[in-house]
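Shown next: model-v8.cif, containing mmCIF, C-alpha atoms.
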```
data_target
#
loop_
_atom_site.label_atom_id
_atom_site.label_comp_id
_atom_site.auth_asym_id
_atom_site.auth_seq_id
_atom_site.Cartn_x
_atom_site.Cartn_y
_atom_site.Cartn_z
CA MET A 480 -25.84 -1.05 -20.06
CA SER A 481 -25.40 -2.58 -23.53
CA TRP A 482 -22.38 -4.46 -24.85
CA PRO A 483 -21.24 -1.47 -26.96
CA ASP A 484 -21.20 0.62 -23.77
CA VAL A 485 -19.13 -2.05 -22.00
CA THR A 486 -16.74 -2.26 -24.94
CA ASP A 487 -16.39 1.51 -25.03
CA ALA A 488 -15.71 1.62 -21.28
CA LEU A 489 -13.00 -1.03 -21.61
CA PHE A 490 -11.41 -0.13 -24.95
CA GLY A 491 -12.79 3.26 -25.96
CA GLY A 492 -9.39 4.94 -25.82
CA LEU A 493 -7.49 2.26 -27.73
CA ALA A 494 -7.32 4.33 -30.91
CA ASP A 495 -5.44 7.10 -29.09
CA TYR A 496 -3.59 4.79 -26.72
CA GLY A 497 -0.11 6.14 -27.47
CA ALA A 498 -1.11 9.77 -26.97
CA ILE A 499 -2.99 8.99 -23.75
CA LEU A 500 -0.09 6.95 -22.41
CA ALA A 501 2.27 9.87 -23.02
CA LEU A 502 -0.01 12.09 -20.95
CA VAL A 503 0.02 9.71 -17.97
CA SER A 504 3.76 8.93 -17.97
CA ASN A 505 4.04 10.45 -14.48
CA SER A 506 1.35 8.05 -13.31
CA VAL A 507 3.23 5.05 -14.70
CA TRP A 508 6.38 6.09 -12.83
CA ALA A 509 4.38 6.74 -9.67
CA GLY A 510 2.77 3.31 -9.92
CA ALA A 511 6.11 1.59 -10.47
CA ILE A 512 7.72 3.35 -7.49
CA LEU A 513 4.75 2.66 -5.22
CA GLY A 514 4.64 -0.97 -6.28
CA LEU A 515 8.35 -1.40 -5.61
CA VAL A 516 8.41 0.23 -2.18
CA GLY A 517 5.02 -1.15 -1.18
CA GLY A 518 6.11 -4.68 -2.04
CA LEU A 519 9.35 -4.40 -0.06
CA ILE A 520 7.85 -2.91 3.08
CA GLY A 521 4.85 -5.21 2.73
CA VAL A 522 7.12 -8.20 3.45
CA PHE A 523 7.74 -6.86 6.95
CA VAL A 524 4.06 -5.99 7.31
CA MET A 525 3.22 -9.64 6.73
CA GLN A 526 6.05 -10.99 8.88
CA ARG A 527 4.97 -8.78 11.77
CA ASP A 528 1.28 -9.61 11.22
CA MET A 529 0.40 -5.94 10.74
CA ALA A 530 -1.88 -5.96 7.69
CA PHE A 531 -4.60 -4.50 9.90
CA ALA A 532 -2.24 -1.65 10.85
CA VAL A 533 -1.94 -0.56 7.22
CA HIS A 534 -5.66 0.06 7.06
CA GLY A 535 -5.62 1.83 10.43
CA ILE A 536 -2.85 4.19 9.34
CA SER A 537 -4.61 4.87 6.03
CA GLU A 538 -7.74 6.05 7.88
CA LEU A 539 -5.78 8.65 9.87
CA SER A 540 -3.91 9.62 6.72
CA PHE A 541 -7.28 10.14 5.03
CA ALA A 542 -8.38 12.33 7.95
CA GLY A 543 -5.20 14.40 7.71
CA ALA A 544 -5.59 14.85 3.97
CA ALA A 545 -9.26 15.80 4.36
CA ALA A 546 -8.36 18.37 7.04
CA ALA A 547 -5.71 19.87 4.76
CA LEU A 548 -8.21 20.01 1.90
CA LEU A 549 -10.71 21.81 4.14
CA ILE A 550 -8.33 24.52 5.31
CA GLY A 551 -6.64 24.94 1.93
CA ALA A 552 -3.30 23.44 2.96
CA ASP A 553 -1.16 20.96 1.04
CA VAL A 554 -3.00 17.63 0.91
CA VAL A 555 0.19 15.54 0.81
CA THR A 556 1.49 17.25 3.95
CA GLY A 557 -1.81 16.64 5.74
CA SER A 558 -1.75 13.00 4.68
CA ILE A 559 1.81 12.57 5.96
CA VAL A 560 1.00 14.21 9.31
CA GLY A 561 -2.04 11.98 9.80
CA SER A 562 -0.09 8.85 8.87
CA LEU A 563 2.85 9.64 11.15
CA ILE A 564 0.56 10.35 14.11
CA ALA A 565 -1.22 7.03 13.60
CA ALA A 566 2.04 5.13 13.06
CA ALA A 567 3.63 6.64 16.17
CA LEU A 568 0.60 5.82 18.31
CA ILE A 569 0.43 2.24 17.07
CA GLY A 570 4.18 1.71 17.41
CA TRP A 571 4.37 3.30 20.87
CA LEU A 572 1.23 1.90 22.48
CA GLY A 573 0.92 -1.37 20.61
CA ALA A 574 4.03 -3.26 21.58
CA ARG A 575 2.03 -6.47 21.89
CA ALA A 576 -0.16 -7.75 19.07
CA ARG A 577 -3.26 -7.83 21.27
CA ASP A 578 -2.81 -4.20 22.35
CA ARG A 579 -1.94 -3.18 18.79
CA ASN A 580 -5.13 -4.60 17.32
CA SER A 581 -7.19 -2.86 19.98
CA ILE A 582 -5.53 0.47 19.28
CA ILE A 583 -6.00 0.08 15.53
CA GLY A 584 -9.65 -0.85 16.05
CA VAL A 585 -10.10 2.39 18.00
CA LEU A 586 -8.16 4.58 15.57
CA MET A 587 -9.85 3.37 12.38
CA PRO A 588 -13.41 4.59 13.04
CA PHE A 589 -12.06 7.75 14.67
CA GLY A 590 -9.96 8.61 11.63
CA LEU A 591 -12.71 7.70 9.18
CA GLY A 592 -15.24 9.75 11.14
CA LEU A 593 -12.94 12.78 11.19
CA GLY A 594 -12.28 12.44 7.48
CA ILE A 595 -15.98 12.27 6.66
CA LEU A 596 -16.63 15.30 8.88
CA PHE A 597 -13.94 17.38 7.14
CA LEU A 598 -15.15 16.34 3.69
CA SER A 599 -18.76 17.21 4.57
CA LEU A 600 -17.60 20.71 5.55
CA TYR A 601 -15.56 21.10 2.35
CA SER A 602 -17.42 23.10 -0.30
CA GLY A 603 -15.02 22.63 -3.19
CA ARG A 604 -15.05 20.18 -6.09
CA SER A 605 -16.58 16.80 -5.34
CA ALA A 606 -13.83 15.13 -7.39
CA ASN A 607 -11.31 16.25 -4.78
CA ARG A 608 -13.28 14.49 -2.05
CA PHE A 609 -13.67 11.29 -4.03
CA SER A 610 -9.95 11.15 -4.92
CA LEU A 611 -8.99 10.90 -1.23
CA LEU A 612 -10.87 7.60 -1.03
CA THR A 613 -9.98 6.09 -4.41
CA GLY A 614 -6.85 8.03 -5.40
CA GLN A 615 -5.88 10.04 -8.46
CA ILE A 616 -3.07 8.01 -9.98
CA VAL A 617 -3.98 8.97 -13.56
CA SER A 618 -3.51 12.67 -12.83
CA VAL A 619 -0.15 12.72 -11.03
CA GLN A 620 1.61 16.04 -11.54
CA SER A 621 5.37 16.51 -11.74
CA ASP A 622 5.60 18.05 -8.27
CA GLN A 623 3.59 15.16 -6.80
CA LEU A 624 5.89 12.69 -8.52
CA GLY A 625 8.86 14.54 -7.05
CA TRP A 626 7.37 14.23 -3.55
CA LEU A 627 6.74 10.55 -4.13
CA ILE A 628 10.29 9.88 -5.33
CA ALA A 629 11.81 11.81 -2.43
CA ILE A 630 9.74 10.09 0.25
CA CYS A 631 10.19 6.62 -1.22
CA THR A 632 13.95 7.17 -1.52
CA VAL A 633 14.12 8.06 2.17
CA VAL A 634 12.08 4.96 3.03
CA LEU A 635 14.25 2.68 0.89
CA LEU A 636 17.50 4.00 2.37
CA ALA A 637 16.15 3.69 5.91
CA LEU A 638 14.95 0.14 5.18
CA LEU A 639 18.43 -0.81 4.00
CA VAL A 640 19.92 0.55 7.22
CA VAL A 641 17.56 -1.35 9.53
CA TRP A 642 16.97 -4.38 7.28
CA ARG A 643 18.85 -6.99 9.32
CA PRO A 644 17.66 -6.01 12.82
CA LEU A 645 14.14 -5.43 11.48
CA ARG A 646 14.07 -8.85 9.85
CA PHE A 647 15.41 -10.48 13.02
CA ASP A 648 12.84 -8.68 15.16
CA SER A 649 10.03 -9.52 12.71
CA LEU A 650 10.77 -13.27 12.61
CA ASP A 651 11.82 -13.89 16.22
CA PRO A 652 11.26 -10.86 18.51
CA GLN A 653 12.13 -12.76 21.72
CA SER A 654 15.51 -13.89 20.42
CA ALA A 655 16.15 -10.43 18.95
CA ALA A 656 15.53 -8.81 22.34
CA ALA A 657 17.78 -11.38 24.04
CA ARG A 658 20.56 -10.61 21.54
CA GLY A 659 20.38 -6.90 22.37
CA VAL A 660 18.39 -5.67 19.38
CA PRO A 661 16.54 -2.47 20.39
CA THR A 662 13.16 -3.93 19.52
CA VAL A 663 11.12 -0.94 20.65
CA GLY A 664 13.19 1.45 18.59
CA VAL A 665 13.18 -0.84 15.58
CA SER A 666 9.41 -1.26 15.83
CA LEU A 667 8.81 2.48 16.10
CA ALA A 668 11.18 3.21 13.19
CA PHE A 669 9.38 0.65 11.04
CA MET A 670 5.99 2.13 11.89
CA LEU A 671 7.15 5.61 10.91
CA LEU A 672 8.50 4.32 7.60
CA LEU A 673 5.23 2.49 7.03
CA GLY A 674 3.37 5.70 7.82
CA LEU A 675 5.31 7.58 5.14
CA VAL A 676 4.61 4.94 2.51
CA VAL A 677 0.92 4.80 3.42
CA ALA A 678 0.69 8.59 3.20
CA VAL A 679 1.94 8.79 -0.38
CA ALA A 680 -0.01 5.66 -1.32
CA VAL A 681 -3.25 7.15 0.03
CA HIS A 682 -2.70 10.28 -2.04
CA ILE A 683 -2.11 8.24 -5.20
CA ILE A 684 -4.39 5.17 -4.92
CA GLY A 685 -6.73 6.24 -2.12
CA ALA A 686 -7.39 5.25 1.48
CA LEU A 687 -9.72 2.41 0.56
CA LEU A 688 -7.29 0.62 -1.77
CA VAL A 689 -3.89 1.08 -0.16
CA MET A 690 -3.71 -2.55 0.98
CA ALA A 691 -3.68 -3.70 -2.65
CA LEU A 692 -0.06 -2.54 -2.94
CA LEU A 693 1.17 -2.79 0.67
CA VAL A 694 -0.23 -6.20 1.65
CA THR A 695 -1.39 -8.34 -1.28
CA PRO A 696 1.92 -8.49 -3.26
CA ALA A 697 3.88 -9.57 -0.19
CA ALA A 698 1.20 -12.08 0.79
CA ALA A 699 1.40 -13.55 -2.72
CA ALA A 700 5.20 -13.72 -2.68
CA MET A 701 5.22 -15.55 0.64
CA ARG A 702 2.98 -18.22 -0.87
CA VAL A 703 5.59 -19.29 -3.43
CA ALA A 704 8.94 -18.34 -1.85
CA SER A 705 10.62 -18.37 1.53
CA GLY A 706 14.18 -17.09 1.12
CA PRO A 707 15.39 -13.74 2.52
CA VAL A 708 16.03 -12.46 -1.01
CA ALA A 709 13.38 -14.23 -3.07
CA VAL A 710 10.39 -13.00 -1.04
CA PRO A 711 11.24 -9.24 -1.18
CA VAL A 712 12.19 -9.44 -4.86
CA LEU A 713 8.96 -11.23 -5.79
CA ALA A 714 6.86 -8.91 -3.61
CA ALA A 715 8.37 -5.84 -5.29
CA LEU A 716 7.87 -7.41 -8.73
CA PHE A 717 4.23 -8.25 -8.01
CA GLY A 718 3.61 -4.74 -6.72
CA VAL A 719 5.09 -3.14 -9.84
CA VAL A 720 3.16 -5.48 -12.16
CA ALA A 721 -0.14 -4.73 -10.38
CA ALA A 722 0.34 -0.96 -10.33
CA VAL A 723 1.82 -0.44 -13.78
CA GLY A 724 -0.35 -3.12 -15.37
CA GLY A 725 -3.46 -1.51 -13.90
CA ILE A 726 -2.55 1.86 -15.36
CA LEU A 727 -1.71 0.45 -18.79
CA LEU A 728 -5.06 -1.34 -18.92
CA ALA A 729 -7.08 1.57 -17.54
CA VAL A 730 -5.93 4.09 -20.14
CA MET A 731 -7.42 1.87 -22.88
CA GLY A 732 -10.91 2.82 -21.70
CA THR A 733 -12.82 5.14 -19.41
CA LEU A 734 -12.97 3.06 -16.23
CA PRO A 735 -11.09 4.12 -13.07
CA VAL A 736 -7.62 2.67 -12.59
CA SER A 737 -8.23 1.38 -9.07
CA PRO A 738 -10.31 -1.70 -10.01
CA TYR A 739 -7.61 -2.77 -12.46
CA ILE A 740 -4.87 -2.52 -9.84
CA THR A 741 -6.83 -4.38 -7.19
CA THR A 742 -7.96 -7.06 -9.66
CA ILE A 743 -4.44 -7.71 -10.96
CA SER A 744 -3.08 -7.80 -7.42
CA PHE A 745 -5.78 -10.24 -6.34
CA ALA A 746 -5.27 -12.41 -9.43
CA ILE A 747 -1.54 -12.65 -8.68
CA TYR A 748 -2.36 -13.72 -5.15
CA LEU A 749 -4.77 -16.42 -6.34
CA VAL A 750 -2.20 -17.81 -8.79
CA CYS A 751 0.52 -17.81 -6.13
CA ARG A 752 -1.80 -19.47 -3.65
CA ALA A 753 -2.60 -22.22 -6.16
CA VAL A 754 1.09 -22.69 -7.02
CA GLY A 755 2.03 -22.74 -3.33
CA SER A 756 -0.62 -25.35 -2.58
CA ARG A 757 0.61 -27.52 -5.44
CA GLN A 758 4.21 -27.20 -4.24
CA GLY A 759 3.12 -28.22 -0.76
CA ARG A 760 1.33 -31.31 -2.07
CA VAL A 761 4.36 -32.31 -4.15
CA GLU A 762 6.70 -31.89 -1.18
CA ARG A 763 4.43 -33.95 1.08
CA ALA A 764 4.15 -36.67 -1.55
CA SER A 765 7.94 -36.85 -2.04
CA ALA A 766 8.50 -37.01 1.71
CA ARG A 767 6.42 -40.18 2.05
#
```
Let me see the file written as structure tokens.
Amino acid sequence: MSWPDVTDALFGGLADYGAILALVSNSVWAGAILGLVGGLIGVFVMQRDMAFAVHGISELSFAGAAAALLIGADVVTGSIVGSLIAAALIGWLGARARDRNSIIGVLMPFGLGLGILFLSLYSGRSANRFSLLTGQIVSVQSDQLGWLIAICTVVLLALLVVWRPLRFDSLDPQSAAARGVPTVGVSLAFMLLLGLVVAVAVHIIGALLVMALLVTPAAAAMRVASGPVAVPVLAALFGVVAAVGGILLAVMGTLPVSPYITTISFAIYLVCRAVGSRQGRVERASAR
């Protein structure tokens, strides 16, 4: 590949940037909403040490979406069903971290194997198969955006309702149980909410890249902040910047949007890690 080809891939659409951006306005809104909700729920994912669970749920969501694609059903519905089944199994059977990791390790290859089987039996467009793995955020239709807004609104409202007991259970589960917090119910409710977010995220950014918006922004925020308000706000901000920034950069050329989103998300994490390390050194030096 020559430099002109690289330049065209990166900036080939710059001349018509305004017109292209108008065509993908639904995608920009979808990215912003996913970044916001993914960043908020990602804080609890990190606090509960469940980053591995996100990937496990995404594999079953991929299998559900692939099954729906095979039988001609609604792909979003299939993705949601697969995610909720995985989330319920992990939340019900994986009360302890050791059990949870074992269950996720079993579910992941099973879900991926089922998804590959269904896609191999599917005789339709190959682009439909590929989009389940890497997403189709640049081609979000109005009805898909409506589904996304509705599901994310439900998740946000439910998070507000369970925020305090969920945070207590995430940071100190033993004390939460001793204080009468229904830890099993809170854990299961959180897993179901996580399953819903993963389902819509898989449909938009793909099963392979869902962690870029549900784990990395929160991990970055926790490197530079520690307060109960600062961490969720920063995580949501980082998620929105990664998602929307990736779309705005991708429409300048012909490359897929996913590498932009993952690269921006990773770059934010690296910067936050460096800043956090510097803050730690300054605090240790001042304490001497």
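Residue nearest Gly603 of chain A, chosen from A:Ala542, A:Leu515, A:Leu549, A:Val533 and counting all atoms listed in the file: A:Leu549.
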| message | Which residues would end up in the selection if the PyMOL selection byres ((chain A and resi 713-716) around 8) were applied here, given that I need the answer as a PyMOL selection string? | response | chain A and resi 514-519+521-522+696-700+709-712+717-720
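Residues within 10 Å of Met525 of chain A, counting all atoms listed in the file and excluding same-chain residues fewer than 3 positions away, are Ile520, Gly521, Val522, Asp528, Met529, Ala530, Phe531, Ser649, Leu693, Val694, Thr695, Ala697, Ala698 and Met701 of chain A.
Computed from the coordinates, the atom CA of Ser602 of chain A to atom CA of Phe541 of chain A distance equals 17.3 Å.
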| At what distance in Å, to one decimal, does atom CA of Leu600 of chain A lie from atom CA of Ala566 of chain A? | 26.2 Å
